[in-house]
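*Asks:* One file: run-v3.txt (compact mmCIF, C-alpha atoms).
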```txt
# COMPACT_ATOMS: atom_id res chain seq x y z
CA MET A 1 -10.90 15.41 8.88
CA ASP A 2 -13.66 18.04 9.29
CA GLN A 3 -10.90 20.54 10.08
CA PHE A 4 -9.49 20.27 6.56
CA VAL A 5 -10.67 20.47 2.97
CA PRO A 6 -9.11 18.10 0.41
CA LEU A 7 -7.37 19.83 -2.49
CA ALA A 8 -5.87 16.90 -4.39
CA ARG A 9 -4.74 13.31 -4.08
CA MET A 10 -1.23 12.99 -5.46
CA PHE A 11 -0.15 9.36 -5.01
CA ALA A 12 -1.82 6.02 -4.40
CA ASP A 13 0.75 3.39 -3.47
CA PRO A 14 -0.49 -0.12 -2.73
CA PRO A 15 1.70 -2.20 -0.41
CA ILE A 16 3.61 -5.06 -1.98
CA LEU A 17 4.36 -8.53 -0.57
CA ALA A 18 8.11 -9.01 -0.76
CA VAL A 19 10.49 -11.92 -0.23
CA LYS A 20 14.19 -12.35 -0.89
CA ASN A 21 15.20 -13.84 -4.22
CA SER A 22 16.61 -16.82 -2.34
CA SER A 23 13.17 -17.61 -0.89
CA PRO A 24 11.61 -20.95 -1.84
CA TRP A 25 8.36 -19.08 -2.52
CA ASN A 26 8.31 -18.20 -6.19
CA SER A 27 4.65 -17.23 -6.28
CA LEU A 28 1.77 -16.20 -4.06
CA GLY A 29 0.49 -19.77 -4.31
CA ASP A 30 3.77 -21.11 -2.90
CA PHE A 31 3.56 -18.66 -0.01
CA ILE A 32 -0.06 -19.51 0.81
CA ALA A 33 0.67 -23.24 0.70
CA ALA A 34 3.59 -22.84 3.13
CA VAL A 35 1.56 -20.78 5.61
CA LYS A 36 -1.34 -23.24 5.47
CA ALA A 37 1.07 -26.09 6.15
CA ASN A 38 2.57 -24.21 9.12
CA PRO A 39 -0.29 -22.26 10.74
CA GLY A 40 0.81 -19.71 13.31
CA GLN A 41 4.51 -20.48 12.82
CA ILE A 42 5.82 -18.33 9.96
CA PRO A 43 6.65 -14.71 10.91
CA TYR A 44 6.17 -11.58 8.86
CA GLY A 45 7.60 -8.15 9.60
CA THR A 46 5.90 -4.76 9.46
CA SER A 47 6.63 -1.12 10.23
CA GLY A 48 4.73 -1.38 13.52
CA HIS A 49 1.64 -2.63 15.34
CA LEU A 50 -1.53 -1.27 13.71
CA GLY A 51 0.56 0.54 11.12
CA THR A 52 -0.57 0.75 7.54
CA VAL A 53 1.07 -2.39 6.19
CA HIS A 54 0.11 -4.34 9.33
CA LEU A 55 -3.55 -3.67 8.60
CA ALA A 56 -3.05 -4.52 4.93
CA MET A 57 -1.43 -7.86 5.80
CA GLU A 58 -4.06 -8.78 8.36
CA MET A 59 -6.75 -7.94 5.81
CA PHE A 60 -5.20 -10.47 3.42
CA LEU A 61 -4.57 -13.14 6.08
CA ASN A 62 -8.16 -12.84 7.25
CA ALA A 63 -9.53 -13.19 3.71
CA ALA A 64 -7.26 -16.17 2.96
CA GLN A 65 -7.89 -17.74 6.40
CA LEU A 66 -4.19 -17.85 7.18
CA LYS A 67 -2.37 -17.49 10.50
CA MET A 68 1.12 -15.99 10.83
CA VAL A 69 3.25 -14.42 13.56
CA HIS A 70 3.39 -10.62 13.42
CA VAL A 71 6.81 -9.09 14.15
CA PRO A 72 6.52 -5.28 14.43
CA TYR A 73 9.58 -3.09 13.84
CA GLN A 74 10.03 0.64 14.37
CA GLY A 75 9.45 1.78 10.82
CA GLY A 76 9.40 0.55 7.25
CA GLY A 77 13.18 0.72 6.84
CA PRO A 78 13.94 -1.55 9.82
CA SER A 79 11.27 -4.07 8.77
CA PHE A 80 12.67 -4.21 5.24
CA ASN A 81 16.20 -4.61 6.60
CA ALA A 82 14.87 -7.49 8.69
CA LEU A 83 13.86 -9.20 5.46
CA LEU A 84 17.27 -8.61 3.90
CA SER A 85 19.05 -9.98 6.99
CA ASP A 86 16.81 -13.08 7.16
CA GLN A 87 15.15 -12.13 10.45
CA VAL A 88 11.77 -12.58 8.75
CA PRO A 89 11.04 -14.37 5.46
CA VAL A 90 8.41 -11.98 4.13
CA VAL A 91 7.25 -8.39 4.57
CA PRO A 92 4.46 -6.21 3.29
CA THR A 93 6.16 -2.96 2.33
CA LEU A 94 6.09 -0.13 -0.21
CA ALA A 95 7.44 -0.25 -3.74
CA SER A 96 9.43 2.93 -3.05
CA THR A 97 11.17 1.16 -0.14
CA ALA A 98 11.92 -2.03 -2.04
CA LYS A 99 12.55 -0.77 -5.57
CA GLY A 100 16.34 -0.56 -5.34
CA GLN A 101 16.64 -4.13 -4.05
CA ILE A 102 14.07 -5.37 -6.57
CA ASP A 103 15.95 -3.74 -9.45
CA ALA A 104 19.20 -5.26 -8.13
CA GLY A 105 17.62 -8.72 -8.19
CA ASN A 106 17.81 -9.24 -4.42
CA VAL A 107 14.07 -9.09 -3.70
CA ARG A 108 11.01 -10.23 -5.60
CA LEU A 109 7.33 -9.47 -5.36
CA LEU A 110 4.67 -12.10 -4.78
CA ALA A 111 1.63 -9.82 -4.98
CA GLN A 112 0.34 -6.32 -4.28
CA TRP A 113 -2.75 -4.74 -2.72
CA GLY A 114 -3.78 -2.39 -5.57
CA THR A 115 -6.70 -2.59 -7.96
CA GLU A 116 -4.50 -2.93 -11.05
CA ARG A 117 -0.97 -4.05 -11.81
CA LEU A 118 1.84 -1.57 -11.20
CA PRO A 119 3.58 -0.23 -14.34
CA ASN A 120 7.02 -0.78 -12.78
CA PHE A 121 6.18 -4.33 -11.65
CA PRO A 122 3.65 -5.74 -14.14
CA HIS A 123 4.55 -9.33 -13.18
CA ALA A 124 3.21 -8.89 -9.62
CA PRO A 125 -0.48 -9.85 -9.51
CA THR A 126 -3.01 -7.97 -7.44
CA LEU A 127 -4.59 -9.85 -4.56
CA GLN A 128 -7.93 -9.12 -6.20
CA GLU A 129 -7.04 -11.06 -9.33
CA SER A 130 -5.52 -13.80 -7.15
CA GLY A 131 -8.92 -14.66 -5.72
CA TYR A 132 -9.40 -12.10 -2.95
CA PRO A 133 -11.70 -9.44 -4.46
CA ASP A 134 -12.19 -7.52 -1.21
CA VAL A 135 -8.50 -7.23 -0.36
CA ILE A 136 -7.60 -3.71 -1.46
CA TYR A 137 -5.35 -1.35 0.43
CA ILE A 138 -4.07 1.96 -0.89
CA LEU A 139 -1.60 4.22 0.86
CA TRP A 140 -2.40 7.66 -0.48
CA THR A 141 -0.72 11.04 -0.25
CA GLY A 142 -2.83 14.17 -0.58
CA VAL A 143 -2.83 17.93 -0.10
CA PHE A 144 -5.26 19.63 2.27
CA ALA A 145 -6.08 23.17 3.38
CA PRO A 146 -7.70 24.36 6.62
CA ALA A 147 -11.48 24.04 6.46
CA LYS A 148 -12.01 27.80 6.76
CA THR A 149 -9.87 28.59 3.72
CA PRO A 150 -11.92 30.77 1.32
CA ALA A 151 -13.24 28.91 -1.72
CA HIS A 152 -11.45 31.17 -4.19
CA VAL A 153 -8.14 30.39 -2.47
CA THR A 154 -8.69 26.62 -2.54
CA GLY A 155 -9.63 27.01 -6.20
CA ILE A 156 -6.32 28.74 -6.92
CA LEU A 157 -4.39 26.03 -5.06
CA ARG A 158 -6.19 23.22 -6.87
CA GLY A 159 -5.53 24.98 -10.16
CA ALA A 160 -1.81 25.12 -9.37
CA ILE A 161 -1.56 21.47 -8.29
CA ARG A 162 -3.44 20.06 -11.29
CA PRO A 163 -0.96 20.87 -14.10
CA PHE A 164 2.00 19.94 -11.91
CA MET A 165 0.62 16.45 -11.16
CA GLN A 166 -0.36 15.93 -14.81
CA ASP A 167 3.06 16.92 -16.16
CA LYS A 168 4.67 13.96 -17.94
CA ALA A 169 8.16 14.69 -16.62
CA VAL A 170 6.87 14.89 -13.05
CA ILE A 171 4.99 11.60 -13.40
CA GLU A 172 8.05 9.85 -14.83
CA ARG A 173 10.28 11.18 -12.04
CA PHE A 174 7.97 9.95 -9.29
CA GLU A 175 7.36 6.56 -10.91
CA LYS A 176 11.10 6.07 -11.35
CA ALA A 177 11.37 6.48 -7.57
CA GLY A 178 8.65 3.88 -7.06
CA SER A 179 5.69 6.17 -6.29
CA GLN A 180 2.48 5.65 -8.23
CA VAL A 181 1.02 8.98 -9.36
CA ALA A 182 -2.77 8.85 -9.00
CA TYR A 183 -4.04 12.42 -9.16
CA LEU A 184 -7.58 13.25 -8.06
CA ASP A 185 -8.96 16.78 -7.92
CA GLY A 186 -10.55 17.99 -4.66
CA PRO A 187 -14.16 16.80 -5.11
CA GLU A 188 -13.12 13.38 -6.42
CA PHE A 189 -10.53 13.09 -3.63
CA ALA A 190 -13.23 13.87 -1.04
CA ARG A 191 -15.43 11.06 -2.40
CA PHE A 192 -12.46 8.67 -2.40
CA LEU A 193 -11.68 9.55 1.24
CA GLU A 194 -15.23 8.88 2.38
CA ALA A 195 -15.42 5.50 0.65
CA ASP A 196 -11.91 4.47 1.73
CA THR A 197 -12.54 5.38 5.37
CA ASP A 198 -15.82 3.45 5.49
CA ARG A 199 -14.22 0.38 3.92
CA LEU A 200 -11.22 0.35 6.26
CA LEU A 201 -13.35 0.82 9.38
CA LYS A 202 -15.34 -2.24 8.39
CA VAL A 203 -12.12 -4.22 7.93
CA VAL A 204 -10.75 -3.18 11.35
CA ARG A 205 -13.99 -4.21 13.04
CA GLN A 206 -14.11 -7.49 11.13
CA ILE A 207 -10.52 -8.43 11.93
CA GLY A 208 -10.87 -7.24 15.52
CA LEU A 209 -7.46 -5.60 15.76
CA SER A 210 -6.90 -3.45 18.84
```
Can you present the structure in this file as C-alpha cells?
*Replies:*
Amino acid sequence: MDQFVPLARMFADPPILAVKNSSPWNSLGDFIAAVKANPGQIPYGTSGHLGTVHLAMEMFLNAAQLKMVHVPYQGGGPSFNALLSDQVPVVPTLASTAKGQIDAGNVRLLAQWGTERLPNFPHAPTLQESGYPDVIYILWTGVFAPAKTPAHVTGILRGAIRPFMQDKAVIERFEKAGSQVAYLDGPEFARFLEADTDRLLKVVRQIGLS
C-alpha cells in the first residue's frame, strides 16, 4: 500500500448472512442453535478459500464458538447459486449479489457484519448487536493514486470525487443496486485503512487460517 496514496473511500459493504426463504432458520438464533446441535456437520458456501466472505464467516464462527464445513466456490455468483439450488443451506455474501432474490422473496437475511443496520434491510441485525461486539467486517471500495502523484494533483482528484459521492441522485442509484455509499476523504480513508488492516491481521492470526 506504500505505492499508493488514498484519495477517497466510496463504498463500505458489510457481508450478509443469507438463507433461502424455505429455510427452517427464521433468525440468527435459530441458525446458531442448529449449528451448535450439529457441530462440524452443516456446510456453508463462500466465494473461495481465504476470500473476503470466508474470513468474515470464520470471524463470526470463532466468536460464537461454532463449527461448520466450509465449501469454497469459484466466486460470489457460484456460491450464491449454490444456496439457491440447495447445495448449501447458508452463505455469507454481499447485499448487491443477493438483493434481487431478497426483493423477490426467495432469500432472507439472518444478520450482517456492519456496524449499523443497512437502510435497504433494516430488519437484519448486525452481529455486534446480536452479542458479538468484535465481529465487524467491511468490504470497501476506494480510489487511489500512485504514491508519487504531486499533492496538487491528488487535491484536484479528491475535489472532483467529493461532490460526486455526496450527490443525492448518485447515492440513491448505488443504494438501489445494493451498494452502501460510505464516502471518506483521503486523510480519513488513510486512517480507516490503517485501523482496518491492523484489526483484520489480528483476526487472521487468532483464527489461524492459512
*Asks:* What's around A:Glu58 at 12 Å? Count all atoms listed in the file, leave out sequence neighbours fewer than 5 positions away in its own chain, and write the answer as an NGL selection string.
*Replies:* :A and (44-46 or 49-53 or 63-70 or 91-92 or 113 or 135-137 or 200 or 203-209)
*Asks:* Find the residues near A:Arg158: any atom within 10 Å, counting all atoms listed in the file, skip ones fewer than 3 places away on the same chain, and give them as an NGL selection string.
*Replies:* :A and (6-8 or 143-144 or 152-155 or 161-163 or 185-186)
*Asks:* Between A:Gly114, A:Phe80, A:Leu109, A:Leu55, which one has atoms that come closest to A:Phe31, using only C-alpha atoms?
*Replies:*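 Smallest separation from A:Phe31 among the options: A:Leu109.
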*Asks:* Please, what distance in Å, to one decimal, runs between atom CA of A:Tyr132 and atom CA of A:Pro39?
*Replies:*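 Atom CA of A:Pro39 lies 19.3 Å from atom CA of A:Tyr132.
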*Asks:* Smallest atom-to-atom distance to A:Gln180: which of A:Thr115, A:Ser96, A:Thr149, A:Ser47, using all atoms listed in the file?
*Replies:*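 Using all atoms listed in the file, A:Gln180 sits closest to A:Ser96.
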*Asks:* Which residue, A:Gly48, A:Ala95, A:Asp2, A:Gln166, has the smallest gap to A:Ala182 when you use all atoms listed in the file?
*Replies:*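 Looking at the shortest contact to A:Ala182, the residue is A:Gln166.
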*Asks:* Between atom CA of A:Val71 and atom CA of A:Ser27, what is the spacing in Å?
*Replies:*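 Between atom CA of A:Ser27 and atom CA of A:Val71 the gap works out to 22.1 Å.
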*Asks:* Name the closest residue to A:Thr126 among the candidates A:Phe11, A:Leu17, A:Arg191, A:Arg108; distances are taken between atoms, counting all atoms listed in the file.
*Replies:*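 With all atoms listed in the file as the atom set, the closest residue is A:Leu17.
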